[in-house]
file final_34.pdb (PDB, C-alpha atoms and all ligand atoms)
MODEL        1
ATOM      1  CA  MET A   1       0.000   0.000   0.000
ATOM      2  CA  ASP A   2       1.363   3.467  -0.928
ATOM      3  CA  LEU A   3       0.757   5.499   2.225
ATOM      4  CA  ASN A   4       1.661   8.683   0.319
ATOM      5  CA  ALA A   5      -1.625   8.267  -1.542
ATOM      6  CA  PHE A   6      -3.337   9.381   1.681
ATOM      7  CA  PHE A   7      -1.715  12.814   1.204
ATOM      8  CA  LYS A   8      -4.030  13.200  -1.803
ATOM      9  CA  ILE A   9      -6.950  13.469   0.619
ATOM     10  CA  THR A  10      -7.537  17.172   1.406
ATOM     11  CA  TYR A  11      -8.205  18.500   4.905
ATOM     12  CA  GLY A  12      -8.375  21.752   6.818
ATOM     13  CA  VAL A  13      -6.474  22.500  10.020
ATOM     14  CA  TYR A  14      -8.635  23.202  13.092
ATOM     15  CA  ILE A  15      -8.328  23.740  16.809
ATOM     16  CA  ILE A  16     -10.772  21.696  18.872
ATOM     17  CA  THR A  17     -11.561  23.605  22.062
ATOM     18  CA  THR A  18     -13.008  22.222  25.274
ATOM     19  CA  LYS A  19     -13.711  23.214  28.867
ATOM     20  CA  PHE A  20     -14.104  21.116  32.008
ATOM     21  CA  GLU A  21     -14.681  23.017  35.253
ATOM     22  CA  ASP A  22     -11.919  25.691  35.264
ATOM     23  CA  LYS A  23      -9.744  23.930  32.692
ATOM     24  CA  LEU A  24      -9.783  25.356  29.170
ATOM     25  CA  ASN A  25      -8.011  23.493  26.383
ATOM     26  CA  GLY A  26      -7.432  23.343  22.630
ATOM     27  CA  MET A  27      -5.746  20.886  20.273
ATOM     28  CA  ILE A  28      -5.003  20.821  16.545
ATOM     29  CA  ALA A  29      -7.024  18.374  14.441
ATOM     30  CA  THR A  30      -7.314  17.733  10.729
ATOM     31  CA  ALA A  31      -9.911  14.967  11.143
ATOM     32  CA  VAL A  32     -12.877  17.356  10.994
ATOM     33  CA  CYS A  33     -15.676  16.960   8.475
ATOM     34  CA  GLN A  34     -19.202  18.256   7.978
ATOM     35  CA  VAL A  35     -21.230  15.114   7.242
ATOM     36  CA  THR A  36     -24.876  16.288   7.051
ATOM     37  CA  ALA A  37     -26.725  19.560   6.365
ATOM     38  CA  GLU A  38     -30.033  19.049   8.205
ATOM     39  CA  PRO A  39     -29.282  19.018  11.029
ATOM     40  CA  VAL A  40     -25.729  20.296  10.593
ATOM     41  CA  GLN A  41     -23.471  17.542  11.922
ATOM     42  CA  MET A  42     -19.712  17.128  11.937
ATOM     43  CA  THR A  43     -17.401  14.232  12.744
ATOM     44  CA  LEU A  44     -14.186  14.695  14.738
ATOM     45  CA  GLY A  45     -11.451  12.061  15.022
ATOM     46  CA  ILE A  46      -9.803  12.459  18.415
ATOM     47  CA  ASN A  47      -6.917  10.410  19.822
ATOM     48  CA  LYS A  48      -7.823   8.575  23.027
ATOM     49  CA  GLU A  49      -4.660   9.676  24.859
ATOM     50  CA  SER A  50      -5.301  13.407  24.446
ATOM     51  CA  LEU A  51      -6.674  15.613  27.202
ATOM     52  CA  THR A  52      -9.236  16.775  24.641
ATOM     53  CA  HIS A  53     -10.626  13.223  24.394
ATOM     54  CA  GLU A  54     -10.941  12.987  28.173
ATOM     55  CA  ILE A  55     -12.789  16.323  28.393
ATOM     56  CA  ILE A  56     -15.142  15.581  25.476
ATOM     57  CA  LEU A  57     -16.199  12.305  27.151
ATOM     58  CA  LYS A  58     -16.966  14.243  30.360
ATOM     59  CA  THR A  59     -18.797  17.243  28.879
ATOM     60  CA  GLY A  60     -19.995  16.334  25.378
ATOM     61  CA  CYS A  61     -19.299  19.913  24.252
ATOM     62  CA  VAL A  62     -16.734  21.092  21.687
ATOM     63  CA  GLY A  63     -15.655  24.161  19.791
ATOM     64  CA  VAL A  64     -14.224  23.794  16.274
ATOM     65  CA  ASN A  65     -12.032  26.712  15.202
ATOM     66  CA  ALA A  66     -10.978  26.984  11.542
ATOM     67  CA  LEU A  67      -7.506  28.539  11.316
ATOM     68  CA  ARG A  68      -6.550  31.252   8.836
ATOM     69  CA  GLN A  69      -4.000  30.371   6.161
ATOM     70  CA  GLU A  70      -1.313  32.726   7.518
ATOM     71  CA  THR A  71      -1.291  31.246  11.030
ATOM     72  CA  ASP A  72       2.330  30.934  12.156
ATOM     73  CA  PHE A  73       3.883  27.638  13.112
ATOM     74  CA  ASN A  74       4.460  28.584  16.777
ATOM     75  CA  PHE A  75       0.737  29.117  17.276
ATOM     76  CA  ILE A  76       0.006  25.720  15.708
ATOM     77  CA  GLY A  77       2.814  24.030  17.649
ATOM     78  CA  ASN A  78       1.399  25.229  20.958
ATOM     79  CA  PHE A  79      -1.876  23.396  20.257
ATOM     80  CA  GLY A  80      -0.598  20.448  18.226
ATOM     81  CA  PHE A  81       2.622  19.295  19.863
ATOM     82  CA  LYS A  82       1.935  19.889  23.562
ATOM     83  CA  SER A  83      -0.697  18.513  25.889
ATOM     84  CA  GLY A  84      -2.956  20.656  28.013
ATOM     85  CA  ARG A  85      -2.225  18.170  30.794
ATOM     86  CA  ASN A  86       1.078  20.025  31.336
ATOM     87  CA  ILE A  87       0.377  23.623  30.288
ATOM     88  CA  ASN A  88      -2.383  26.186  29.866
ATOM     89  CA  LYS A  89      -2.475  26.433  26.073
ATOM     90  CA  LEU A  90      -4.976  29.296  26.086
ATOM     91  CA  GLU A  91      -2.805  31.648  28.139
ATOM     92  CA  GLY A  92      -2.445  34.905  26.190
ATOM     93  CA  ILE A  93      -4.773  33.707  23.404
ATOM     94  CA  GLY A  94      -7.891  35.740  22.554
ATOM     95  CA  PHE A  95     -11.203  33.890  22.802
ATOM     96  CA  MET A  96     -14.916  34.362  23.464
ATOM     97  CA  THR A  97     -17.096  31.952  25.399
ATOM     98  CA  GLY A  98     -19.682  29.971  23.456
ATOM     99  CA  ALA A  99     -23.216  29.048  24.544
ATOM    100  CA  THR A 100     -22.028  25.624  25.798
ATOM    101  CA  GLY A 101     -19.137  27.229  27.725
ATOM    102  CA  VAL A 102     -16.334  26.187  25.366
ATOM    103  CA  PRO A 103     -13.754  28.803  24.325
ATOM    104  CA  LEU A 104     -14.089  29.986  20.707
ATOM    105  CA  LEU A 105     -10.822  31.477  19.478
ATOM    106  CA  VAL A 106     -10.652  34.946  17.952
ATOM    107  CA  ASP A 107      -6.882  34.838  17.236
ATOM    108  CA  ASN A 108      -5.964  33.343  13.829
ATOM    109  CA  THR A 109      -9.449  31.931  13.181
ATOM    110  CA  VAL A 110     -11.627  32.526  10.107
ATOM    111  CA  ALA A 111     -14.713  30.759  11.498
ATOM    112  CA  VAL A 112     -15.822  29.119  14.723
ATOM    113  CA  PHE A 113     -18.352  26.361  15.339
ATOM    114  CA  GLU A 114     -19.742  24.920  18.510
ATOM    115  CA  GLY A 115     -21.594  21.686  19.074
ATOM    116  CA  ARG A 116     -22.748  18.845  21.276
ATOM    117  CA  VAL A 117     -21.684  15.224  20.876
ATOM    118  CA  ILE A 118     -24.661  13.054  19.954
ATOM    119  CA  ASP A 119     -22.885   9.780  19.145
ATOM    120  CA  LYS A 120     -19.430   8.212  19.041
ATOM    121  CA  MET A 121     -17.622   5.304  17.404
ATOM    122  CA  ASP A 122     -14.538   3.427  18.540
ATOM    123  CA  ALA A 123     -11.806   3.646  15.882
ATOM    124  CA  GLY A 124      -8.973   1.967  17.805
ATOM    125  CA  THR A 125      -6.422   4.693  18.606
ATOM    126  CA  HIS A 126      -9.082   7.382  18.041
ATOM    127  CA  THR A 127     -12.764   7.960  18.792
ATOM    128  CA  ILE A 128     -14.972   9.396  16.054
ATOM    129  CA  PHE A 129     -17.388  11.856  17.668
ATOM    130  CA  LEU A 130     -20.591  12.858  15.855
ATOM    131  CA  VAL A 131     -21.313  16.458  16.784
ATOM    132  CA  GLU A 132     -24.497  18.444  16.128
ATOM    133  CA  ALA A 133     -23.702  22.119  15.564
ATOM    134  CA  VAL A 134     -25.416  24.655  17.814
ATOM    135  CA  GLU A 135     -23.514  27.738  16.565
ATOM    136  CA  ALA A 136     -21.415  28.799  13.576
ATOM    137  CA  LYS A 137     -19.816  32.187  12.924
ATOM    138  CA  ILE A 138     -17.523  33.686  10.262
ATOM    139  CA  LEU A 139     -14.862  35.932  11.817
ATOM    140  CA  THR A 140     -12.905  37.028   8.714
ATOM    141  CA  GLU A 141     -12.994  36.395   4.976
ATOM    142  CA  GLU A 142      -9.306  35.360   4.880
ATOM    143  CA  PHE A 143      -8.459  31.936   3.399
ATOM    144  CA  PRO A 144      -8.780  28.999   5.789
ATOM    145  CA  LEU A 145      -5.627  26.944   6.379
ATOM    146  CA  SER A 146      -5.516  23.670   4.466
ATOM    147  CA  TYR A 147      -3.415  20.719   5.542
ATOM    148  CA  GLU A 148      -1.674  20.895   2.151
ATOM    149  CA  TYR A 149      -0.569  24.518   2.851
ATOM    150  CA  TYR A 150       0.519  23.595   6.382
ATOM    151  CA  HIS A 151       2.589  20.734   5.002
ATOM    152  CA  ASN A 152       4.082  22.317   1.855
ATOM    153  CA  VAL A 153       4.343  26.037   2.670
ATOM    154  CA  ILE A 154       4.574  26.249   6.470
ATOM    155  CA  LYS A 155       6.605  22.988   6.308
ATOM    156  CA  GLY A 156       4.770  21.688   9.346
ATOM    157  CA  LYS A 157       4.952  18.086  10.441
ATOM    158  CA  SER A 158       2.363  15.750  11.939
ATOM    159  CA  PRO A 159       2.884  14.202  15.360
ATOM    160  CA  LYS A 160       2.136  10.586  16.177
ATOM    161  CA  PHE A 161      -1.452  11.200  17.281
ATOM    162  CA  ALA A 162      -2.477  12.907  14.024
ATOM    163  CA  PRO A 163      -4.392  10.510  11.759
ATOM    164  CA  THR A 164      -2.201  11.623   8.846
ATOM    165  CA  PHE A 165       0.991  10.538  10.645
ATOM    166  CA  ILE A 166       2.849   8.015   8.481
ATOM    167  CA  VAL A 167       3.898   4.932  10.387
ATOM    168  CA  ASN A 168       7.212   3.656   9.003
ATOM    169  CA  LYS A 169       6.860  -0.026   8.242
ATOM    170  CA  ALA A 170      10.399  -1.130   7.416
TER     171      ALA A 170
HETATM  172  C1  LIG B 201      -1.151  19.133  11.778
HETATM  173  C2  LIG B 201      -1.669  18.342  12.963
HETATM  174  C3  LIG B 201      -2.848  17.606  12.813
HETATM  175  C4  LIG B 201      -3.356  16.872  13.894
HETATM  176  N1  LIG B 201      -4.533  16.201  13.729
HETATM  177  C5  LIG B 201      -5.057  15.500  14.771
HETATM  178  C6  LIG B 201      -6.331  14.874  14.652
HETATM  179  O1  LIG B 201      -7.028  14.983  13.634
HETATM  180  N2  LIG B 201      -6.776  14.161  15.722
HETATM  181  C7  LIG B 201      -6.054  14.031  16.899
HETATM  182  O2  LIG B 201      -6.519  13.365  17.829
HETATM  183  N3  LIG B 201      -4.870  14.654  17.043
HETATM  184  C8  LIG B 201      -4.362  15.404  16.021
HETATM  185  N4  LIG B 201      -3.165  16.066  16.176
HETATM  186  C9  LIG B 201      -2.409  15.897  17.440
HETATM  187  C10 LIG B 201      -2.956  16.696  18.621
HETATM  188  O3  LIG B 201      -3.121  18.072  18.277
HETATM  189  C11 LIG B 201      -1.945  16.562  19.797
HETATM  190  O4  LIG B 201      -1.879  15.199  20.189
HETATM  191  C12 LIG B 201      -2.231  17.453  20.993
HETATM  192  O5  LIG B 201      -1.020  17.617  21.712
HETATM  193  C13 LIG B 201      -3.308  16.948  21.959
HETATM  194  O6  LIG B 201      -3.470  17.922  22.939
HETATM  195  P1  LIG B 201      -4.277  17.700  24.312
HETATM  196  O7  LIG B 201      -3.638  16.562  25.068
HETATM  197  O8  LIG B 201      -4.100  19.020  25.027
HETATM  198  O9  LIG B 201      -5.710  17.416  23.983
HETATM  199  C14 LIG B 201      -2.671  16.864  15.137
HETATM  200  C15 LIG B 201      -1.515  17.643  15.291
HETATM  201  C16 LIG B 201      -1.021  18.384  14.209
HETATM  202  C17 LIG B 201       0.209  19.230  14.395
ENDMDL
END
call {"tool": "encode", "arguments": {"input": "final_34.pdb", "output": "structure tokens"}}
result
Amino acid sequence: MDLNAFFKITYGVYIITTKFEDKLNGMIATAVCQVTAEPVQMTLGINKESLTHEIILKTGCVGVNALRQETDFNFIGNFGFKSGRNINKLEGIGFMTGATGVPLLVDNTVAVFEGRVIDKMDAGTHTIFLVEAVEAKILTEEFPLSYEYYHNVIKGKSPKFAPTFIVNKA
């Protein structure tokens, strides 16, 4: 199997935001997809070892923040290569609070969505959450960041927990 073929699948780059009690968190995800229009539902693929996964199971509420194309790598790295178990990733980051209580980012985002988990599926390393949208807002008309741009222009990498991570099978 040519694993590089999977790079021909296009994705966006998002920050999934969550809140449990006083803890606010966000993590980068590419596994975000709108799957139905009425009602508006999205699927999210979230690694079971992430803090985000733990919080979503507890609260059932998520924010989905679509990044702008010109987001710099340090901003992405903060959310994609570190765990909120060790740091407060939202320190110094601008956000508003959504109807469900999750933070919705205003820094580097072109649109924000908010939803409640209505179903989930076990996918081994990840859980696929089915989320019904309760809010959606455009913040700027700038281009959204695609995974292709992140990879080829920003020269960003994917960590082990990203679904697009290539496992080397020697
Ligand atoms: C470009 C990129 C794409 C990623 N996509 C996903 C994804 O779709 N699902 C996922 O579970 N993790 C993904 N990750 C990894 C998480 O962002 C990372 O494991 C994060 O540190 C988890 O943070 P948390 O423990 O605070 O929840 C991605 C990371 C990067 C940099």
call {"tool": "resolve_selection", "arguments": {"input": "final_34.pdb", "expression": "the PyMOL selection byres (((chain A and resi 30-45) around 7) and not hetatm)", "output": "list in words"}}
result
Tyr11, Gly12, Val13, Tyr14, Ile28, Ala29, Ile46, Asn47, His126, Thr127, Ile128, Phe129, Leu130, Val131, Glu132 and Ala133 of chain A
call {"tool": "write_last_selection", "arguments": {"input": "final_34.pdb", "atoms": "C-alpha atoms", "output": "PDB file, in the frame of the given file"}}
result
ATOM      1  CA  TYR A  11      -8.205  18.500   4.905  1.00  0.00           C
ATOM      2  CA  GLY A  12      -8.375  21.752   6.818  1.00  0.00           C
ATOM      3  CA  VAL A  13      -6.474  22.500  10.020  1.00  0.00           C
ATOM      4  CA  TYR A  14      -8.635  23.202  13.092  1.00  0.00           C
ATOM      5  CA  ILE A  28      -5.003  20.821  16.545  1.00  0.00           C
ATOM      6  CA  ALA A  29      -7.024  18.374  14.441  1.00  0.00           C
ATOM      7  CA  ILE A  46      -9.803  12.459  18.415  1.00  0.00           C
ATOM      8  CA  ASN A  47      -6.917  10.410  19.822  1.00  0.00           C
ATOM      9  CA  HIS A 126      -9.082   7.382  18.041  1.00  0.00           C
ATOM     10  CA  THR A 127     -12.764   7.960  18.792  1.00  0.00           C
ATOM     11  CA  ILE A 128     -14.972   9.396  16.054  1.00  0.00           C
ATOM     12  CA  PHE A 129     -17.388  11.856  17.668  1.00  0.00           C
ATOM     13  CA  LEU A 130     -20.591  12.858  15.855  1.00  0.00           C
ATOM     14  CA  VAL A 131     -21.313  16.458  16.784  1.00  0.00           C
ATOM     15  CA  GLU A 132     -24.497  18.444  16.128  1.00  0.00           C
ATOM     16  CA  ALA A 133     -23.702  22.119  15.564  1.00  0.00           C
TER      17      ALA A 133
END
call {"tool": "closest_atom_pairs", "arguments": {"input": "final_34.pdb", "of": "chain A", "to": "ligand LIG 201 (chain B)", "cutoff": "8 Å", "atoms": "only C-alpha atoms and all ligand atoms", "output": "JSON lines"}}
result
{"residue": "A:Val13", "atom": "CA", "partner": "B:LIG201", "partner_atom": "C1", "distance": 6.5}
{"residue": "A:Ile15", "atom": "CA", "partner": "B:LIG201", "partner_atom": "O3", "distance": 7.8}
{"residue": "A:Asn25", "atom": "CA", "partner": "B:LIG201", "partner_atom": "O8", "distance": 6.1}
{"residue": "A:Gly26", "atom": "CA", "partner": "B:LIG201", "partner_atom": "O8", "distance": 6.0}
{"residue": "A:Met27", "atom": "CA", "partner": "B:LIG201", "partner_atom": "O3", "distance": 4.3}
{"residue": "A:Ile28", "atom": "CA", "partner": "B:LIG201", "partner_atom": "O3", "distance": 3.8}
{"residue": "A:Ala29", "atom": "CA", "partner": "B:LIG201", "partner_atom": "N1", "distance": 3.4}
{"residue": "A:Thr30", "atom": "CA", "partner": "B:LIG201", "partner_atom": "O1", "distance": 4.0}
{"residue": "A:Ala31", "atom": "CA", "partner": "B:LIG201", "partner_atom": "O1", "distance": 3.8}
{"residue": "A:Val32", "atom": "CA", "partner": "B:LIG201", "partner_atom": "O1", "distance": 6.8}
{"residue": "A:Leu44", "atom": "CA", "partner": "B:LIG201", "partner_atom": "O1", "distance": 7.2}
{"residue": "A:Gly45", "atom": "CA", "partner": "B:LIG201", "partner_atom": "N2", "distance": 5.2}
{"residue": "A:Ile46", "atom": "CA", "partner": "B:LIG201", "partner_atom": "O2", "distance": 3.5}
{"residue": "A:Asn47", "atom": "CA", "partner": "B:LIG201", "partner_atom": "O2", "distance": 3.6}
{"residue": "A:Lys48", "atom": "CA", "partner": "B:LIG201", "partner_atom": "O2", "distance": 7.2}
{"residue": "A:Glu49", "atom": "CA", "partner": "B:LIG201", "partner_atom": "O7", "distance": 7.0}
{"residue": "A:Ser50", "atom": "CA", "partner": "B:LIG201", "partner_atom": "O7", "distance": 3.6}
{"residue": "A:Leu51", "atom": "CA", "partner": "B:LIG201", "partner_atom": "O9", "distance": 3.8}
{"residue": "A:Thr52", "atom": "CA", "partner": "B:LIG201", "partner_atom": "O9", "distance": 3.6}
{"residue": "A:His53", "atom": "CA", "partner": "B:LIG201", "partner_atom": "O9", "distance": 6.5}
{"residue": "A:Ile76", "atom": "CA", "partner": "B:LIG201", "partner_atom": "C17", "distance": 6.6}
{"residue": "A:Gly77", "atom": "CA", "partner": "B:LIG201", "partner_atom": "C17", "distance": 6.4}
{"residue": "A:Phe79", "atom": "CA", "partner": "B:LIG201", "partner_atom": "O3", "distance": 5.8}
{"residue": "A:Gly80", "atom": "CA", "partner": "B:LIG201", "partner_atom": "O3", "distance": 3.5}
{"residue": "A:Phe81", "atom": "CA", "partner": "B:LIG201", "partner_atom": "O5", "distance": 4.4}
{"residue": "A:Lys82", "atom": "CA", "partner": "B:LIG201", "partner_atom": "O5", "distance": 4.2}
{"residue": "A:Ser83", "atom": "CA", "partner": "B:LIG201", "partner_atom": "O8", "distance": 3.5}
{"residue": "A:Gly84", "atom": "CA", "partner": "B:LIG201", "partner_atom": "O8", "distance": 3.6}
{"residue": "A:Arg85", "atom": "CA", "partner": "B:LIG201", "partner_atom": "O7", "distance": 6.1}
{"residue": "A:Lys89", "atom": "CA", "partner": "B:LIG201", "partner_atom": "O8", "distance": 7.7}
{"residue": "A:His126", "atom": "CA", "partner": "B:LIG201", "partner_atom": "O2", "distance": 6.5}
{"residue": "A:Tyr147", "atom": "CA", "partner": "B:LIG201", "partner_atom": "C1", "distance": 6.8}
{"residue": "A:Tyr150", "atom": "CA", "partner": "B:LIG201", "partner_atom": "C1", "distance": 7.2}
{"residue": "A:His151", "atom": "CA", "partner": "B:LIG201", "partner_atom": "C1", "distance": 7.9}
{"residue": "A:Gly156", "atom": "CA", "partner": "B:LIG201", "partner_atom": "C1", "distance": 6.9}
{"residue": "A:Lys157", "atom": "CA", "partner": "B:LIG201", "partner_atom": "C17", "distance": 6.3}
{"residue": "A:Ser158", "atom": "CA", "partner": "B:LIG201", "partner_atom": "C17", "distance": 4.8}
{"residue": "A:Pro159", "atom": "CA", "partner": "B:LIG201", "partner_atom": "C15", "distance": 5.6}
{"residue": "A:Lys160", "atom": "CA", "partner": "B:LIG201", "partner_atom": "C9", "distance": 7.1}
{"residue": "A:Phe161", "atom": "CA", "partner": "B:LIG201", "partner_atom": "C9", "distance": 4.8}
{"residue": "A:Ala162", "atom": "CA", "partner": "B:LIG201", "partner_atom": "C8", "distance": 3.7}
{"residue": "A:Pro163", "atom": "CA", "partner": "B:LIG201", "partner_atom": "O1", "distance": 5.5}
{"residue": "A:Thr164", "atom": "CA", "partner": "B:LIG201", "partner_atom": "N1", "distance": 7.1}
call {"tool": "residues_around", "arguments": {"input": "final_34.pdb", "residues": "A:Asp107", "least_positions_apart": "5", "cutoff": "9 Å", "atoms": "all atoms listed in the file", "output": "PyMOL selection string"}}
result
chain A and resi 67+93-95
call {"tool": "atom_distance", "arguments": {"input": "final_34.pdb", "atom1": "atom CA of A:Val134", "atom2": "atom CA of A:Thr97"}}
result
13.4 Å
call {"tool": "axis_aligned_box", "arguments": {"input": "final_34.pdb", "around": "stretch 13-20 of chain A", "padding_each_side": "3 Å", "output": "lines of an AutoDock Vina configuration file"}}
result
center_x = -10.3
center_y = 22.4
center_z = 21.0
size_x = 13.6
size_y = 8.6
size_z = 28.0
call {"tool": "closest_residue", "arguments": {"input": "final_34.pdb", "among": "A:Thr59, A:Asn86, A:Thr140, A:Ser146", "to": "A:Ile118", "atoms": "only C-alpha atoms"}}
result
A:Thr59
call {"tool": "closest_residue", "arguments": {"input": "final_34.pdb", "among": "A:Gly101, A:Gly115, A:Gly92, A:Gly63", "to": "A:Lys23", "atoms": "all atoms listed in the file"}}
result
A:Gly101
call {"tool": "closest_residue", "arguments": {"input": "final_34.pdb", "among": "A:Phe113, A:Phe20, A:Phe7, A:Tyr149", "to": "A:Asn65", "atoms": "all atoms listed in the file"}}
result
A:Phe113
call {"tool": "atom_distance", "arguments": {"input": "final_34.pdb", "atom1": "atom CA of A:Asn152", "atom2": "atom CA of A:Val112"}}
result
24.7 Å
call {"tool": "closest_residue", "arguments": {"input": "final_34.pdb", "among": "A:Thr18, A:Thr10, A:Thr125, A:Asn78", "to": "A:Glu54", "atoms": "only C-alpha atoms"}}
result
A:Thr18
call {"tool": "atom_distance", "arguments": {"input": "final_34.pdb", "atom1": "atom CA of A:Lys19", "atom2": "atom CA of A:Ile55"}}
result
7.0 Å
